[in-house]
>>> print(open('structure_30.tsv').read())   # TSV, C-alpha atoms
chain	number	residue	atom	x	y	z
A	1315	MET	CA	139.05	115.39	123.91
A	1316	ALA	CA	137.09	118.46	124.87
A	1317	VAL	CA	133.69	118.00	126.46
A	1318	LEU	CA	130.31	119.58	125.83
A	1319	TYR	CA	127.30	120.02	128.08
A	1320	GLN	CA	123.85	118.75	127.21
A	1321	GLY	CA	120.89	118.32	129.49
A	1322	GLY	CA	123.00	119.24	132.51
A	1323	LYS	CA	125.54	116.46	131.96
A	1324	THR	CA	129.03	116.34	130.55
A	1325	MET	CA	129.70	114.30	127.41
A	1326	SER	CA	132.48	113.87	124.89
A	1327	GLN	CA	132.34	115.56	121.50
A	1328	ALA	CA	131.65	112.21	119.84
A	1329	ASP	CA	128.75	111.50	122.21
A	1330	ALA	CA	127.38	115.01	121.71
A	1331	VAL	CA	127.50	114.66	117.92
A	1332	TYR	CA	125.87	111.24	118.15
A	1333	GLU	CA	123.02	112.50	120.33
A	1334	TYR	CA	122.51	115.58	118.17
A	1335	LEU	CA	122.27	113.56	114.96
A	1336	ARG	CA	120.05	110.88	116.49
A	1337	GLN	CA	117.45	113.54	117.24
A	1338	ILE	CA	117.35	114.45	113.54
A	1339	TYR	CA	118.08	111.29	111.57
A	1340	GLY	CA	116.55	107.84	111.74
A	1341	GLU	CA	118.15	104.51	110.95
A	1342	ASN	CA	119.37	103.97	107.39
A	1343	GLU	CA	118.85	107.63	106.51
A	1344	PRO	CA	121.72	109.30	104.61
A	1345	ILE	CA	123.60	111.96	106.59
A	1346	PHE	CA	125.64	114.31	104.42
A	1347	LEU	CA	128.63	115.80	106.19
A	1348	LYS	CA	128.29	119.08	104.28
A	1349	GLU	CA	124.82	119.54	105.79
A	1350	VAL	CA	125.84	118.87	109.40
A	1351	HIS	CA	126.37	122.11	111.32
A	1352	ILE	CA	126.19	121.82	115.09
A	1353	PRO	CA	125.93	125.09	117.07
A	1354	GLY	CA	129.04	125.75	119.10
A	1355	LEU	CA	131.07	122.99	117.47
A	1356	PRO	CA	133.57	123.68	114.63
A	1357	ASP	CA	133.11	121.66	111.44
A	1358	VAL	CA	136.54	120.08	111.89
A	1359	SER	CA	135.44	118.75	115.29
A	1360	VAL	CA	132.29	117.30	113.72
A	1361	ARG	CA	134.41	115.47	111.14
A	1362	GLN	CA	136.69	114.11	113.87
A	1363	ALA	CA	133.68	112.97	115.92
A	1364	LEU	CA	132.13	111.18	112.94
A	1365	LYS	CA	135.39	109.36	112.27
A	1366	LYS	CA	135.53	108.21	115.88
A	1367	LEU	CA	131.90	107.11	115.83
A	1368	THR	CA	132.51	105.03	112.68
A	1369	ASP	CA	135.69	103.55	114.18
A	1370	LEU	CA	133.62	102.50	117.19
A	1371	GLY	CA	130.89	101.05	114.98
A	1372	ARG	CA	128.20	103.38	116.30
A	1373	MET	CA	127.77	104.86	112.82
A	1374	LYS	CA	128.73	103.72	109.34
A	1375	ARG	CA	130.34	105.50	106.41
A	1376	TYR	CA	128.57	104.86	103.10
A	1377	ASP	CA	130.87	106.90	100.90
A	1378	ARG	CA	133.03	109.97	101.27
A	1379	GLY	CA	131.06	112.54	103.25
A	1380	ILE	CA	128.02	110.25	103.69
A	1381	TYR	CA	127.18	108.53	106.99
A	1382	PHE	CA	124.23	106.70	108.53
A	1383	PHE	CA	122.94	104.90	111.59
A	1384	PRO	CA	122.69	101.24	110.50
A	1385	LYS	CA	119.39	99.48	110.99
A	1386	LYS	CA	119.90	96.41	113.13
A	1387	PHE	CA	118.91	93.03	111.75
A	1388	LYS	CA	119.49	89.80	113.58
A	1389	TYR	CA	120.83	87.99	110.51
A	1390	PHE	CA	123.42	90.69	109.82
A	1391	ARG	CA	125.53	91.67	112.79
A	1392	SER	CA	126.81	94.79	111.04
A	1393	GLY	CA	123.28	95.96	110.20
A	1394	ILE	CA	121.61	96.73	106.87
A	1395	THR	CA	123.40	99.17	104.59
A	1396	LEU	CA	121.87	102.12	102.75
A	1397	SER	CA	120.00	101.77	99.48
A	1398	PHE	CA	121.84	103.33	96.54
A	1399	ASP	CA	118.55	104.68	95.18
A	1400	ASP	CA	117.71	106.31	98.53
A	1401	VAL	CA	121.07	108.07	98.64
A	1402	LEU	CA	120.87	109.17	94.99
A	1403	THR	CA	117.36	110.51	95.58
A	1404	LYS	CA	118.35	112.56	98.60
A	1405	MET	CA	121.51	113.84	96.93
A	1406	TYR	CA	120.10	114.90	93.58
A	1407	LEU	CA	116.42	114.11	93.01
A	1408	LYS	CA	114.57	115.67	95.94
A	1409	ASP	CA	115.03	118.62	98.26
A	1410	ALA	CA	112.95	120.50	100.82
A	1411	SER	CA	110.68	121.88	98.08
A	1412	GLY	CA	110.01	118.50	96.47
A	1413	GLN	CA	111.20	116.94	93.23
A	1414	CYS	CA	114.33	118.63	91.87
A	1415	GLY	CA	115.75	115.99	89.55
A	1416	TYR	CA	115.18	112.83	87.56
A	1417	VAL	CA	117.16	109.93	86.09
A	1418	GLY	CA	117.35	109.98	82.30
A	1419	GLY	CA	119.28	108.30	79.53
A	1420	MET	CA	119.50	104.56	78.98
A	1421	MET	CA	118.87	103.82	82.65
A	1422	PHE	CA	115.36	105.26	82.41
A	1423	ALA	CA	114.81	103.45	79.10
A	1424	ASN	CA	115.73	100.22	80.89
A	1425	TRP	CA	113.39	100.96	83.78
A	1426	ILE	CA	110.36	101.27	81.49
A	1427	GLY	CA	111.24	98.23	79.40
A	1428	LEU	CA	112.53	99.75	76.17
A	1429	THR	CA	115.94	98.08	76.46
A	1430	THR	CA	117.43	95.14	78.29
A	1431	GLN	CA	120.82	96.84	78.43
A	1432	VAL	CA	121.84	97.97	81.91
A	1433	PRO	CA	124.19	100.96	81.61
A	1434	MET	CA	127.21	101.35	83.84
A	1435	GLU	CA	126.27	104.90	84.73
A	1436	TYR	CA	123.36	107.05	85.86
A	1437	VAL	CA	122.53	110.22	83.93
A	1438	VAL	CA	120.88	112.61	86.37
A	1439	TYR	CA	119.21	115.90	85.47
A	1440	THR	CA	119.03	118.01	88.61
A	1441	ASN	CA	118.56	121.59	89.74
A	1442	LYS	CA	121.55	120.95	92.01
A	1443	ALA	CA	123.91	120.71	89.02
A	1444	THR	CA	126.18	123.73	88.78
A	1445	THR	CA	127.37	122.98	85.22
A	1446	ASP	CA	125.83	121.53	82.08
A	1447	TYR	CA	127.84	118.33	82.44
A	1448	ARG	CA	129.87	116.88	85.28
A	1449	LYS	CA	131.12	113.38	86.10
A	1450	THR	CA	131.11	112.15	89.67
A	1451	SER	CA	130.60	108.82	91.42
A	1452	LEU	CA	128.73	107.24	94.30
A	1453	ILE	CA	130.16	104.06	95.89
A	1454	GLY	CA	132.10	103.53	92.69
A	1455	ILE	CA	129.10	103.90	90.36
A	1456	ARG	CA	129.56	106.64	87.79
A	1457	VAL	CA	126.99	109.44	87.87
A	1458	ILE	CA	126.69	112.07	85.14
A	1459	LEU	CA	125.12	115.28	86.42
A	1460	ARG	CA	123.31	117.45	83.86
A	1461	ARG	CA	121.65	120.81	84.29
A	1462	PRO	CA	117.99	120.65	83.13
A	1463	CYS	CA	116.65	122.80	80.31
A	1464	VAL	CA	114.11	124.29	82.74
A	1465	PRO	CA	113.96	124.08	86.54
A	1466	ILE	CA	112.52	120.77	87.70
A	1467	CYS	CA	109.59	120.67	90.13
A	1468	ASP	CA	106.88	118.28	91.26
A	1469	GLU	CA	104.59	119.36	88.42
A	1470	ASN	CA	107.01	118.89	85.52
A	1471	ALA	CA	109.61	116.29	86.58
A	1472	GLN	CA	107.88	113.32	84.97
A	1473	ILE	CA	107.05	115.28	81.82
A	1474	LEU	CA	110.64	116.44	81.36
A	1475	GLN	CA	111.93	112.94	82.04
A	1476	TYR	CA	109.62	111.56	79.34
A	1477	LEU	CA	110.58	114.23	76.80
A	1478	ASP	CA	114.23	113.58	77.55
A	1479	LEU	CA	113.60	109.92	76.71
A	1480	LEU	CA	111.82	110.80	73.45
A	1481	LYS	CA	114.77	112.99	72.49
A	1482	ASP	CA	117.03	109.95	72.17
A	1483	VAL	CA	114.56	107.05	72.04
A	1484	SER	CA	115.92	105.88	68.67
A	1485	LEU	CA	119.32	105.38	70.31
A	1486	PHE	CA	118.08	103.52	73.39
A	1487	SER	CA	115.06	101.46	72.35
A	1488	GLU	CA	115.36	97.83	71.27
A	1489	VAL	CA	111.72	97.82	70.11
A	1490	GLN	CA	110.49	99.72	67.09
A	1491	GLY	CA	107.38	100.58	65.13
A	1492	ALA	CA	103.92	99.83	66.49
A	1493	GLU	CA	105.29	98.05	69.58
A	1494	LEU	CA	107.35	101.10	70.54
A	1495	THR	CA	104.35	103.38	70.05
A	1496	GLU	CA	102.18	101.10	72.17
A	1497	ARG	CA	104.68	101.04	75.03
A	1498	LEU	CA	105.21	104.79	74.97
A	1499	ARG	CA	101.47	105.45	74.84
A	1500	LYS	CA	100.88	103.07	77.72
A	1501	TYR	CA	103.50	104.91	79.78
A	1502	MET	CA	101.69	108.18	79.07
A	1503	GLU	CA	98.34	106.66	80.05
A	1504	ASP	CA	99.68	105.02	83.20
A	1505	ASN	CA	101.31	108.26	84.33
A	1506	LYS	CA	98.56	110.58	83.08
A	1507	ILE	CA	100.82	112.49	80.67
A	1508	THR	CA	99.13	114.15	77.70
A	1509	PHE	CA	100.45	116.00	74.68
A	1510	ALA	CA	99.00	119.17	76.19
A	1511	ASP	CA	101.27	118.59	79.21
A	1512	MET	CA	104.34	118.19	76.99
A	1513	GLU	CA	103.66	120.99	74.52
A	1514	PRO	CA	104.82	123.95	76.69
A	1515	TYR	CA	108.27	122.35	77.07
A	1516	LEU	CA	108.90	121.22	73.50
A	1517	SER	CA	110.76	124.40	72.56
A	1518	TYR	CA	113.42	123.56	75.15
A	1519	PHE	CA	114.22	120.23	73.49
A	1520	PRO	CA	115.82	119.49	70.10
A	1521	GLN	CA	113.48	119.50	67.12
A	1522	ARG	CA	113.87	115.73	66.77
A	1523	THR	CA	111.82	115.38	69.96
A	1524	SER	CA	108.74	116.92	68.32
A	1525	LYS	CA	109.44	114.90	65.17
A	1526	THR	CA	109.45	111.70	67.22
A	1527	ILE	CA	106.12	112.61	68.83
A	1528	VAL	CA	104.53	113.14	65.41
A	1529	GLU	CA	106.08	110.07	63.75
A	1530	LEU	CA	105.04	107.79	66.62
A	1531	GLY	CA	101.61	109.36	66.95
A	1532	LEU	CA	102.00	110.40	70.57
A	1533	TYR	CA	99.88	113.53	70.24
A	1534	ASP	CA	96.21	113.83	71.17
A	1535	ASP	CA	93.78	112.05	68.81
A	1536	ALA	CA	96.63	110.59	66.78
A	1537	PRO	CA	95.59	107.40	64.91
A	1538	ALA	CA	97.02	104.23	66.44
A	1539	GLN	CA	99.73	102.57	64.36
A	1540	ARG	CA	98.85	99.21	62.82
>>> encode(input="structure_30.tsv", output="structure tokens")
Amino acid sequence: MAVLYQGGKTMSQADAVYEYLRQIYGENEPIFLKEVHIPGLPDVSVRQALKKLTDLGRMKRYDRGIYFFPKKFKYFRSGITLSFDDVLTKMYLKDASGQCGYVGGMMFANWIGLTTQVPMEYVVYTNKATTDYRKTSLIGIRVILRRPCVPICDENAQILQYLDLLKDVSLFSEVQGAELTERLRKYMEDNKITFADMEPYLSYFPQRTSKTIVELGLYDDAPAQR
């Protein structure tokens, strides 16, 4: 194998790639092959080096095109693997500018206690989506990528996620009536979401979203349901 020079010493391509990545990435941090570009080293050589490093156990492959340096733990000789949520977040939910996506659908409804059903897929709205709808997978878990109705950012991500829930809440929720209203209101209070925050985005959602807000009394000064 060809050799590279670093710090005045000769090292193999695999060693050079390892040292380069270790300066950038910590343990159990996702490394996406498509983002790895090492000056003076062709991409094909980087791929070959990563394969060798995984064969030697110096790095681990999480899924196709995703690698990491395993965090050592004395009870697990092979080290601790990556968190699915951490990988999903770095892939689709956050970028250098901040929040760029959110998880919607039944998975979000489950997270906030509106249903006990655990779906077999993640529905992800992300600025990184290139089409309105695309199926992909991550370690065998199905992921549906959707393009958001408006670009997602730190300021609106939670609001859009909540409105997306309200759009289909009748399909996902196992609770109804006053109990549903109470839970949805509590979520708004806990996360400091007001009707004034939601109002500028309502035109981007189906009319049933606004209808749900009115029927459940989720607007400012709405009387509590009894």
>>> closest_residue(input="structure_30.tsv", among="A:Val1331, A:Met1420, A:Ile1455, A:Leu1402", to="Glu1343 in chain A", atoms="only C-alpha atoms")
A:Leu1402
>>> closest_residue(input="structure_30.tsv", among="A:Met1421, A:Ala1492, A:Ile1380, A:Val1401", to="Gly1531 in chain A", atoms="only C-alpha atoms")
A:Ala1492
>>> residues_near_point(input="structure_30.tsv", point="(126.1, 106.9, 100.5)", cutoff="9 Å", atoms="all atoms listed in the file", output="list in words")
Pro1344, Ile1345, Phe1346, Arg1375, Tyr1376, Asp1377, Arg1378, Gly1379, Ile1380, Tyr1381, Phe1382, Leu1396, Ser1397, Phe1398, Asp1400, Val1401, Leu1402, Leu1452 and Ile1453 of chain A
>>> residues_around(input="structure_30.tsv", residues="Thr1508 in chain A", least_positions_apart="3", cutoff="10 Å", atoms="all atoms listed in the file", output="VMD selection string")
chain A and resid 1473 1499 1502 to 1503 1505 1511 to 1513 1532 to 1534
>>> atom_distance(input="structure_30.tsv", atom1="CA of Leu1428 in chain A", atom2="CA of Glu1496 in chain A")
11.2 Å
>>> atom_distance(input="structure_30.tsv", atom1="CA of Gly1340 in chain A", atom2="CA of Gly1354 in chain A")
23.0 Å
>>> closest_residue(input="structure_30.tsv", among="A:Ser1326, A:Gln1472, A:Asn1441, A:Thr1395", to="Asn1342 in chain A", atoms="all atoms listed in the file")
A:Thr1395
>>> build_atoms(input="structure_30.tsv", residues="range 1425-1453 of chain A", atoms="N, CA and C atoms", output="tab-separated table (two decimals), in the frame of the given file")
chain	number	residue	atom	x	y	z
A	1425	TRP	N	114.42	101.04	82.73
A	1425	TRP	CA	113.39	100.96	83.78
A	1425	TRP	C	112.00	100.76	83.19
A	1426	ILE	N	111.72	101.37	82.05
A	1426	ILE	CA	110.36	101.27	81.49
A	1426	ILE	C	110.27	100.21	80.40
A	1427	GLY	N	111.31	99.39	80.27
A	1427	GLY	CA	111.24	98.23	79.40
A	1427	GLY	C	111.52	98.45	77.94
A	1428	LEU	N	112.21	99.52	77.57
A	1428	LEU	CA	112.53	99.75	76.17
A	1428	LEU	C	113.86	99.11	75.76
A	1429	THR	N	114.67	98.75	76.74
A	1429	THR	CA	115.94	98.08	76.46
A	1429	THR	C	116.28	97.14	77.61
A	1430	THR	N	116.97	96.07	77.26
A	1430	THR	CA	117.43	95.14	78.29
A	1430	THR	C	118.84	95.49	78.74
A	1431	GLN	N	119.47	96.44	78.07
A	1431	GLN	CA	120.82	96.84	78.43
A	1431	GLN	C	120.79	97.62	79.75
A	1432	VAL	N	121.72	97.26	80.64
A	1432	VAL	CA	121.84	97.97	81.91
A	1432	VAL	C	123.11	98.80	81.86
A	1433	PRO	N	122.99	100.11	81.74
A	1433	PRO	CA	124.19	100.96	81.61
A	1433	PRO	C	125.03	100.95	82.87
A	1434	MET	N	126.28	101.31	82.72
A	1434	MET	CA	127.21	101.35	83.84
A	1434	MET	C	127.22	102.70	84.54
A	1435	GLU	N	126.31	103.58	84.14
A	1435	GLU	CA	126.27	104.90	84.73
A	1435	GLU	C	124.83	105.40	84.84
A	1436	TYR	N	124.64	106.36	85.72
A	1436	TYR	CA	123.36	107.05	85.86
A	1436	TYR	C	123.51	108.45	85.27
A	1437	VAL	N	122.57	108.84	84.42
A	1437	VAL	CA	122.53	110.22	83.93
A	1437	VAL	C	121.43	110.92	84.72
A	1438	VAL	N	121.81	111.94	85.47
A	1438	VAL	CA	120.88	112.61	86.37
A	1438	VAL	C	120.74	114.08	85.99
A	1439	TYR	N	119.52	114.49	85.70
A	1439	TYR	CA	119.21	115.90	85.47
A	1439	TYR	C	118.71	116.46	86.81
A	1440	THR	N	119.37	117.50	87.28
A	1440	THR	CA	119.03	118.01	88.61
A	1440	THR	C	119.25	119.52	88.72
A	1441	ASN	N	118.38	120.16	89.46
A	1441	ASN	CA	118.56	121.59	89.74
A	1441	ASN	C	119.82	121.84	90.54
A	1442	LYS	N	120.36	120.80	91.18
A	1442	LYS	CA	121.55	120.95	92.01
A	1442	LYS	C	122.83	120.97	91.18
A	1443	ALA	N	122.73	120.67	89.89
A	1443	ALA	CA	123.91	120.71	89.02
A	1443	ALA	C	124.35	122.15	88.82
A	1444	THR	N	125.64	122.38	88.94
A	1444	THR	CA	126.18	123.73	88.78
A	1444	THR	C	126.76	123.95	87.39
A	1445	THR	N	126.88	122.89	86.60
A	1445	THR	CA	127.37	122.98	85.22
A	1445	THR	C	126.47	122.14	84.33
A	1446	ASP	N	126.64	122.30	83.02
A	1446	ASP	CA	125.83	121.53	82.08
A	1446	ASP	C	126.17	120.05	82.10
A	1447	TYR	N	127.41	119.73	82.48
A	1447	TYR	CA	127.84	118.33	82.44
A	1447	TYR	C	128.98	118.14	83.44
A	1448	ARG	N	128.80	117.19	84.33
A	1448	ARG	CA	129.87	116.88	85.28
A	1448	ARG	C	129.83	115.41	85.66
A	1449	LYS	N	131.01	114.78	85.69
A	1449	LYS	CA	131.12	113.38	86.10
A	1449	LYS	C	131.46	113.31	87.58
A	1450	THR	N	130.79	112.41	88.28
A	1450	THR	CA	131.11	112.15	89.67
A	1450	THR	C	130.85	110.67	89.91
A	1451	SER	N	130.87	110.22	91.15
A	1451	SER	CA	130.60	108.82	91.42
A	1451	SER	C	130.01	108.67	92.81
A	1452	LEU	N	129.34	107.56	93.01
A	1452	LEU	CA	128.73	107.24	94.30
A	1452	LEU	C	128.96	105.75	94.54
A	1453	ILE	N	129.67	105.43	95.59
A	1453	ILE	CA	130.16	104.06	95.89
A	1453	ILE	C	130.69	103.36	94.64
